[in-house]
Structures are given as C-alpha cells and as structure tokens.
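Engineer: Below is the structure I would like to discuss, written out as structure tokens.
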Amino acid sequence: MRHRIEYLLVAAMAFGIRIMPRPIARLAGTMVGFAFFTLDGVHRRITLDNLASAFPRRSAAERRAIARHVFSHFGRLLFELLKFSTFPHKRMLALVDVDGEERVRQAYAQGRGVLFFTGHFGYWEIHAIAHALKFQPIGVLARPLDNPHLNAFLEGVRSCTGNTVIYRRSALRRVLRTLDAGQGVALLIDQHILTPEAVYVDFFERPAATTSALAAIALRTGAPVVPVFAVPLERGRYRLIYDHPIEPPRADSPDPVAELTQRCTDVLEMYVRRYPGLWLWMHRRWRDGTSSDRVPGMFPAASRDAEADV
C-alpha cells in the first residue's frame, strides 16, 4: 500500500509538471530543493560537513551558500528531468549543446564499444536521454528502487529515447554484450560501496571506497573510457561535455585497476571543484562502514549502500 501511495503521489506530481510552463517547473523545483535544505537537518549537516572537509579554506558562509545551491539544484533537476522526458525529440536536441562530439565518434569508431562515466553531478540523467538522440542509445547501469512502481516509472523516463536500463546486480554479461556490439554503457563512479570489488582512491584528498567495475571492464575489453558531464546554460539549456578519453595504465603498472579508477576519479573531482553546487554533497561519500555512519539517502540513486555491481 505504501508503494502504491508513493507512486500515485509521484505520478500526480509528474502530471502537474507536464502541464506547467517550463520556467514555472524550474522555479517550483528550486523551491522544493530549498525547502529540503531548510527542513532536512540531517542531510544539511552531512552536506556542510562534506564541504568543510573538501574546502577548508572557504568560509562557513561560502560553504553554506554552496549547500543551498546544491539542494536547490537537485530539486530543480527532478522537475526538469520529468519535464524534459515529455518533450518531442526535436525539442530535446534543440535544448543541448555538445562539447566533444568528435571524441565520441572517434571512440565509437574503435569498434570496442564505449564506457561513459560520470557522477551524481549536474544533469546526468538528461545527458543520457539526449545522448541517445545525438549519437545512439546506450545501456545505463543502475540499481532498482525499492518501490517497484516508482522503479518502472523511472525506467520509462530513462528509456524514453531508446536507452536500456541495465540493473547492476549480475550485470556483467549484459554489459559485455553491449560493448561487444559496439555500443555504449554509462555508469556512475561516485558512491561509497562496501563490496569486495571496491578500491580505495583519493577523492578530495581523502580515501573513498569506489567501484572498480569501470576500470576492470575497460581493461578486459579495451573499450575507451570517456568522462561525461552536463552543466546548465542560460535560458534553461544544457551543455553536454565529453572530455578526453582516459589513458589506460602502462602494461607494467603494479595495480592497473586502482590506477585507472584513480584517473577517472581525478577527472570527476576536477569538475566537482569547478562546479561545487552541482554535486551530491548530501551523500556520505567518505565513511568507515560502521552502522553509526549510515544515514538514509535523500536521492534514489544514493539511497542504499551499493550492491555488487557486476
């Protein structure tokens, strides 16, 4: 019953967003995010603590301003995603600029598939939707939500332009088939995980347990690894950034998986430092795994400790 009620509330909200003018929807999302900043003391404290550790030289007032921006951004992201997914494909493409298009085409031309990675940063969900129109559909690696009705709803949003959702438990076979067909797979690398496949790499000068799946698959298949980020532009438009592919480690590297994971994490950190208000600081990215360090996530993709990815 609880799952059905949650789904009905979200469906009603989605219907309301669909009929709203887009500027009103963006404003409403911003207000919802700010309301969470005001009312959700637990995640506000997590955000401020993370920002204090990451940016110790910034003043408390500066960090609080970033925190407000973070909450407002994620509220706006939810409303914009629901609105964007209802647009005709032609309008979707009209709302995006692409930086690095030739890098993507060169990566696909290698014929080994492409591994795209990012974090809970900017407009990553909208990026994946638009990528399918600009280039070709991809497999999106994800974890199912606890609520099966909401999960089906979110899967419909993610696949509205032809993408396929690959659920992360036991996904290796599907990922390898997708790459073998010369297609792309997208995944996030910025969640704390407690599984044996985790590697610890430096993220904001602190060790962070990070999935090794991206690096392990890249080294196994030879698929190029392309960092992707989506940032806002004026008038509600988006810039889809495809950065330079990550160079693989040397053949004599003592730990190629850890080295490649660190290189990918370094690129993500560079963008988070550049746009600190666009990353999910309310997630406990750095923790020791004890029960006292676990807090329910406020964003679906970061609501639980990561499962075994592949």
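Residues are referred to by chain and number: the chain letter is A, B, ... according to the order shown in the structure tokens, the number counts from 1 in that chain, and ligands are numbered separately from 1 in the order shown.
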Might you pull out every residue within 9 Å of Arg76 in chain A, with only C-alpha atoms counted and same-chain residues fewer than 2 positions away left off, and present them as a PyMOL selection string?

Structural biologist: chain A and resi 25-33+71-74+78-81

Engineer: Can you list, as a ChimeraX atom specification, every protein, DNA or RNA residue that comes within 7 Å of Ile246 in chain A when you count only C-alpha atoms, leaving out same-chain residues fewer than 5 positions away?

Structural biologist: /A:225-226,264

Engineer: Export N, CA and C atoms of the chosen residues as a PDB file, in the first residue's frame?

Structural biologist:
ATOM      1  N   VAL A 225      37.365   4.810 -22.414  1.00  0.00           N
ATOM      2  CA  VAL A 225      36.670   5.323 -21.236  1.00  0.00           C
ATOM      3  C   VAL A 225      36.547   6.839 -21.383  1.00  0.00           C
ATOM      4  N   VAL A 226      35.322   7.331 -21.503  1.00  0.00           N
ATOM      5  CA  VAL A 226      35.078   8.747 -21.798  1.00  0.00           C
ATOM      6  C   VAL A 226      34.333   9.402 -20.629  1.00  0.00           C
ATOM      7  N   CYS A 264      40.130   8.183 -13.331  1.00  0.00           N
ATOM      8  CA  CYS A 264      38.738   8.571 -13.582  1.00  0.00           C
ATOM      9  C   CYS A 264      38.207   9.451 -12.460  1.00  0.00           C
TER      10      CYS A 264
END

Engineer: To test your reading of the structure, identify every residue in range 134-289 of chain A that backbone DSSP assigns to strand (DSSP E), and report it as a PyMOL selection string.

Structural biologist: chain A and resi 138-142+164-167+184-188+198-203+206-211+225-232+238-242

Engineer: Could you pull the residues within 8 Å of range 15-21 of chain A, counting only C-alpha atoms, minus those fewer than 6 positions along the same chain, as a VMD selection string?

Structural biologist: chain A and resid 79 82 to 83 86

Engineer: Write the residues you've just listed into a file as a PDB file, in the first residue's frame, and include C-alpha atoms for each of them.

Structural biologist:
ATOM      1  CA  PHE A  79      11.421  18.771 -12.051  1.00  0.00           C
ATOM      2  CA  LEU A  82      10.315  14.963 -15.562  1.00  0.00           C
ATOM      3  CA  LYS A  83       9.584  17.880 -17.888  1.00  0.00           C
ATOM      4  CA  THR A  86       7.943  14.571 -22.110  1.00  0.00           C
TER       5      THR A  86
END

Engineer: Could you produce a table of the residues of range 157-202 of chain A lying within 12 Å of range 87-93 of chain A, with the nearest pair of atoms per residue and their separation in Å rounded to one decimal, using only C-alpha atoms, ordered by chain and increasing residue number, as JSON lines?

Structural biologist:
{"residue": "A:Val157", "atom": "CA", "partner": "A:Phe87", "partner_atom": "CA", "distance": 11.2}
{"residue": "A:Cys160", "atom": "CA", "partner": "A:His89", "partner_atom": "CA", "distance": 9.4}
{"residue": "A:Thr161", "atom": "CA", "partner": "A:His89", "partner_atom": "CA", "distance": 7.7}
{"residue": "A:Gly162", "atom": "CA", "partner": "A:His89", "partner_atom": "CA", "distance": 11.1}

Engineer: Check which residues of range 113-143 of chain A sit at most 8 Å from range 164-171 of chain A using only C-alpha atoms, and return one row each with the closest pair of atoms and their distance in Å to one decimal, ordered by chain and rising number, as a tab-separated table.

Structural biologist:
residue	atom	partner	partner_atom	distance
A:Pro137	CA	A:Thr164	CA	7.5
A:Ile138	CA	A:Thr164	CA	6.3
A:Gly139	CA	A:Thr164	CA	4.7
A:Val140	CA	A:Val165	CA	4.8
A:Leu141	CA	A:Ile166	CA	4.7
A:Ala142	CA	A:Tyr167	CA	5.0
A:Arg143	CA	A:Tyr167	CA	5.3

Engineer: Quick one: of A:Leu194, A:Val114, A:Leu154, A:Val201, who's nearest to Glu269 in chain A, counting only C-alpha atoms?

Structural biologist: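 Of A:Leu194, A:Val114, A:Leu154, A:Val201, the one nearest Glu269 in chain A is A:Val201, counting only C-alpha atoms.
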
Engineer: To one decimal in Å, tell me the separation between CA of Pro207 in chain A and CA of Thr265 in chain A.

Structural biologist: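 Value for the CA of Pro207 in chain A-CA of Thr265 in chain A distance: 11.2 Å.
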
Engineer: Can you build me a table of range 198-278 of chain A residues sitting at most 10 Å from range 100-106 of chain A, with the closest atom pair per residue and its distance in Å to one decimal, using only C-alpha atoms, sorted by chain and residue number, as CSV?

Structural biologist:
residue,atom,partner,partner_atom,distance
A:Pro224,CA,A:Gln106,CA,9.6
A:Val226,CA,A:Val104,CA,7.8
A:Val228,CA,A:Gly100,CA,9.5
A:Leu240,CA,A:Gly100,CA,8.3
A:Ile241,CA,A:Gly100,CA,6.2
A:Tyr242,CA,A:Gly100,CA,4.8
A:Asp243,CA,A:Gly100,CA,6.4
A:His244,CA,A:Arg103,CA,6.9
A:Pro245,CA,A:Arg103,CA,7.7

Engineer: So, counting only C-alpha atoms, which residue among A:Pro56, A:Pro227, A:Gly119, A:Pro249 is closest to Arg285 in chain A?

Structural biologist: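 With only C-alpha atoms as the atom set, the closest residue is A:Gly119.
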
Engineer: What gap, in Å, lies between CA of Gly277 in chain A and CA of Gln262 in chain A?

Structural biologist: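 Value for the CA of Gly277 in chain A-CA of Gln262 in chain A distance: 22.6 Å.
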
Engineer: Quick one: pick out all alpha helix (DSSP H) residues within range 116-163 of chain A from a backbone DSSP run and write them as a list of chain:residue names.

Structural biologist: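 Alpha helix (DSSP H) members of range 116-163 of chain A, listed: A:Trp124, A:Glu125, A:Ile126, A:His127, A:Ala128, A:Ile129, A:Ala130, A:His131, A:Ala132, A:Leu133, A:Lys134, A:Pro148, A:His149, A:Leu150, A:Asn151, A:Ala152, A:Phe153, A:Leu154, A:Glu155, A:Gly156, A:Val157, A:Arg158.
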
Engineer: Keeping only N, CA and C atoms, write the selected residues as a PDB file, in the first residue's frame.

Structural biologist:
ATOM      1  N   TRP A 124      23.028  14.665 -15.189  1.00  0.00           N
ATOM      2  CA  TRP A 124      23.493  13.416 -15.780  1.00  0.00           C
ATOM      3  C   TRP A 124      22.354  12.596 -16.390  1.00  0.00           C
ATOM      4  N   GLU A 125      21.173  12.607 -15.784  1.00  0.00           N
ATOM      5  CA  GLU A 125      20.053  11.839 -16.339  1.00  0.00           C
ATOM      6  C   GLU A 125      19.605  12.428 -17.682  1.00  0.00           C
ATOM      7  N   ILE A 126      19.542  13.749 -17.762  1.00  0.00           N
ATOM      8  CA  ILE A 126      19.161  14.400 -19.020  1.00  0.00           C
ATOM      9  C   ILE A 126      20.225  14.158 -20.080  1.00  0.00           C
ATOM     10  N   HIS A 127      21.485  14.136 -19.658  1.00  0.00           N
ATOM     11  CA  HIS A 127      22.582  13.858 -20.590  1.00  0.00           C
ATOM     12  C   HIS A 127      22.377  12.505 -21.269  1.00  0.00           C
ATOM     13  N   ALA A 128      22.059  11.485 -20.485  1.00  0.00           N
ATOM     14  CA  ALA A 128      21.880  10.146 -21.056  1.00  0.00           C
ATOM     15  C   ALA A 128      20.715  10.114 -22.035  1.00  0.00           C
ATOM     16  N   ILE A 129      19.620  10.803 -21.692  1.00  0.00           N
ATOM     17  CA  ILE A 129      18.456  10.843 -22.580  1.00  0.00           C
ATOM     18  C   ILE A 129      18.825  11.496 -23.905  1.00  0.00           C
ATOM     19  N   ALA A 130      19.522  12.633 -23.838  1.00  0.00           N
ATOM     20  CA  ALA A 130      19.876  13.359 -25.060  1.00  0.00           C
ATOM     21  C   ALA A 130      20.951  12.632 -25.862  1.00  0.00           C
ATOM     22  N   HIS A 131      21.847  11.915 -25.182  1.00  0.00           N
ATOM     23  CA  HIS A 131      22.907  11.184 -25.883  1.00  0.00           C
ATOM     24  C   HIS A 131      22.319  10.211 -26.899  1.00  0.00           C
ATOM     25  N   ALA A 132      21.241   9.544 -26.528  1.00  0.00           N
ATOM     26  CA  ALA A 132      20.635   8.558 -27.426  1.00  0.00           C
ATOM     27  C   ALA A 132      20.167   9.188 -28.723  1.00  0.00           C
ATOM     28  N   LEU A 133      19.781  10.451 -28.671  1.00  0.00           N
ATOM     29  CA  LEU A 133      19.319  11.146 -29.881  1.00  0.00           C
ATOM     30  C   LEU A 133      20.487  11.694 -30.688  1.00  0.00           C
ATOM     31  N   LYS A 134      21.492  12.196 -29.993  1.00  0.00           N
ATOM     32  CA  LYS A 134      22.625  12.811 -30.679  1.00  0.00           C
ATOM     33  C   LYS A 134      23.550  11.758 -31.304  1.00  0.00           C
ATOM     34  N   PRO A 148       8.727  -0.923  -6.565  1.00  0.00           N
ATOM     35  CA  PRO A 148       8.703  -1.404  -7.957  1.00  0.00           C
ATOM     36  C   PRO A 148       7.882  -0.509  -8.888  1.00  0.00           C
ATOM     37  N   HIS A 149       6.847   0.153  -8.364  1.00  0.00           N
ATOM     38  CA  HIS A 149       6.039   1.041  -9.197  1.00  0.00           C
ATOM     39  C   HIS A 149       6.843   2.281  -9.601  1.00  0.00           C
ATOM     40  N   LEU A 150       7.551   2.857  -8.635  1.00  0.00           N
ATOM     41  CA  LEU A 150       8.399   4.012  -8.942  1.00  0.00           C
ATOM     42  C   LEU A 150       9.558   3.604  -9.845  1.00  0.00           C
ATOM     43  N   ASN A 151      10.080   2.388  -9.634  1.00  0.00           N
ATOM     44  CA  ASN A 151      11.183   1.932 -10.473  1.00  0.00           C
ATOM     45  C   ASN A 151      10.745   1.817 -11.929  1.00  0.00           C
ATOM     46  N   ALA A 152       9.534   1.268 -12.157  1.00  0.00           N
ATOM     47  CA  ALA A 152       9.027   1.164 -13.522  1.00  0.00           C
ATOM     48  C   ALA A 152       8.814   2.549 -14.129  1.00  0.00           C
ATOM     49  N   PHE A 153       8.357   3.484 -13.306  1.00  0.00           N
ATOM     50  CA  PHE A 153       8.151   4.854 -13.784  1.00  0.00           C
ATOM     51  C   PHE A 153       9.489   5.478 -14.186  1.00  0.00           C
ATOM     52  N   LEU A 154      10.504   5.347 -13.320  1.00  0.00           N
ATOM     53  CA  LEU A 154      11.815   5.923 -13.607  1.00  0.00           C
ATOM     54  C   LEU A 154      12.451   5.249 -14.815  1.00  0.00           C
ATOM     55  N   GLU A 155      12.254   3.944 -14.962  1.00  0.00           N
ATOM     56  CA  GLU A 155      12.803   3.257 -16.128  1.00  0.00           C
ATOM     57  C   GLU A 155      12.189   3.797 -17.408  1.00  0.00           C
ATOM     58  N   GLY A 156      10.893   4.126 -17.358  1.00  0.00           N
ATOM     59  CA  GLY A 156      10.253   4.715 -18.521  1.00  0.00           C
ATOM     60  C   GLY A 156      10.844   6.064 -18.880  1.00  0.00           C
ATOM     61  N   VAL A 157      11.183   6.867 -17.869  1.00  0.00           N
ATOM     62  CA  VAL A 157      11.827   8.164 -18.115  1.00  0.00           C
ATOM     63  C   VAL A 157      13.197   7.957 -18.738  1.00  0.00           C
ATOM     64  N   ARG A 158      13.969   7.040 -18.169  1.00  0.00           N
ATOM     65  CA  ARG A 158      15.334   6.821 -18.650  1.00  0.00           C
ATOM     66  C   ARG A 158      15.382   6.234 -20.061  1.00  0.00           C
TER      67      ARG A 158
END

Engineer: Pick out the residues sitting within 10 Å of Ile189 in chain A, and hand them over as a PyMOL selection string; count only C-alpha atoms, and ignore anything fewer than 3 positions along from it in its own chain.

Structural biologist: chain A and resi 117-120+192-193+209-214+261+264-265+268

Engineer: Rank A:Trp286, A:Trp281, A:Phe116, A:Phe84 by their smallest atom-to-atom distance to Arg63 in chain A, using only C-alpha atoms, and report the top residue only.

Structural biologist: A:Trp281

Engineer: Applying 10 Å and only C-alpha atoms, which residues near Arg220 in chain A remain after dropping the ones on its own chain fewer than 4 positions away? List them as a list in words.

Structural biologist: Leu176, Ala215 and Ala216 of chain A

Engineer: For a test of reading the model, state the distance in Å between CA of Tyr271 in chain A and CA of Glu259 in chain A, rounded to one decimal.

Structural biologist: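 About the pair CA of Tyr271 in chain A and CA of Glu259 in chain A: they are 19.1 Å apart.
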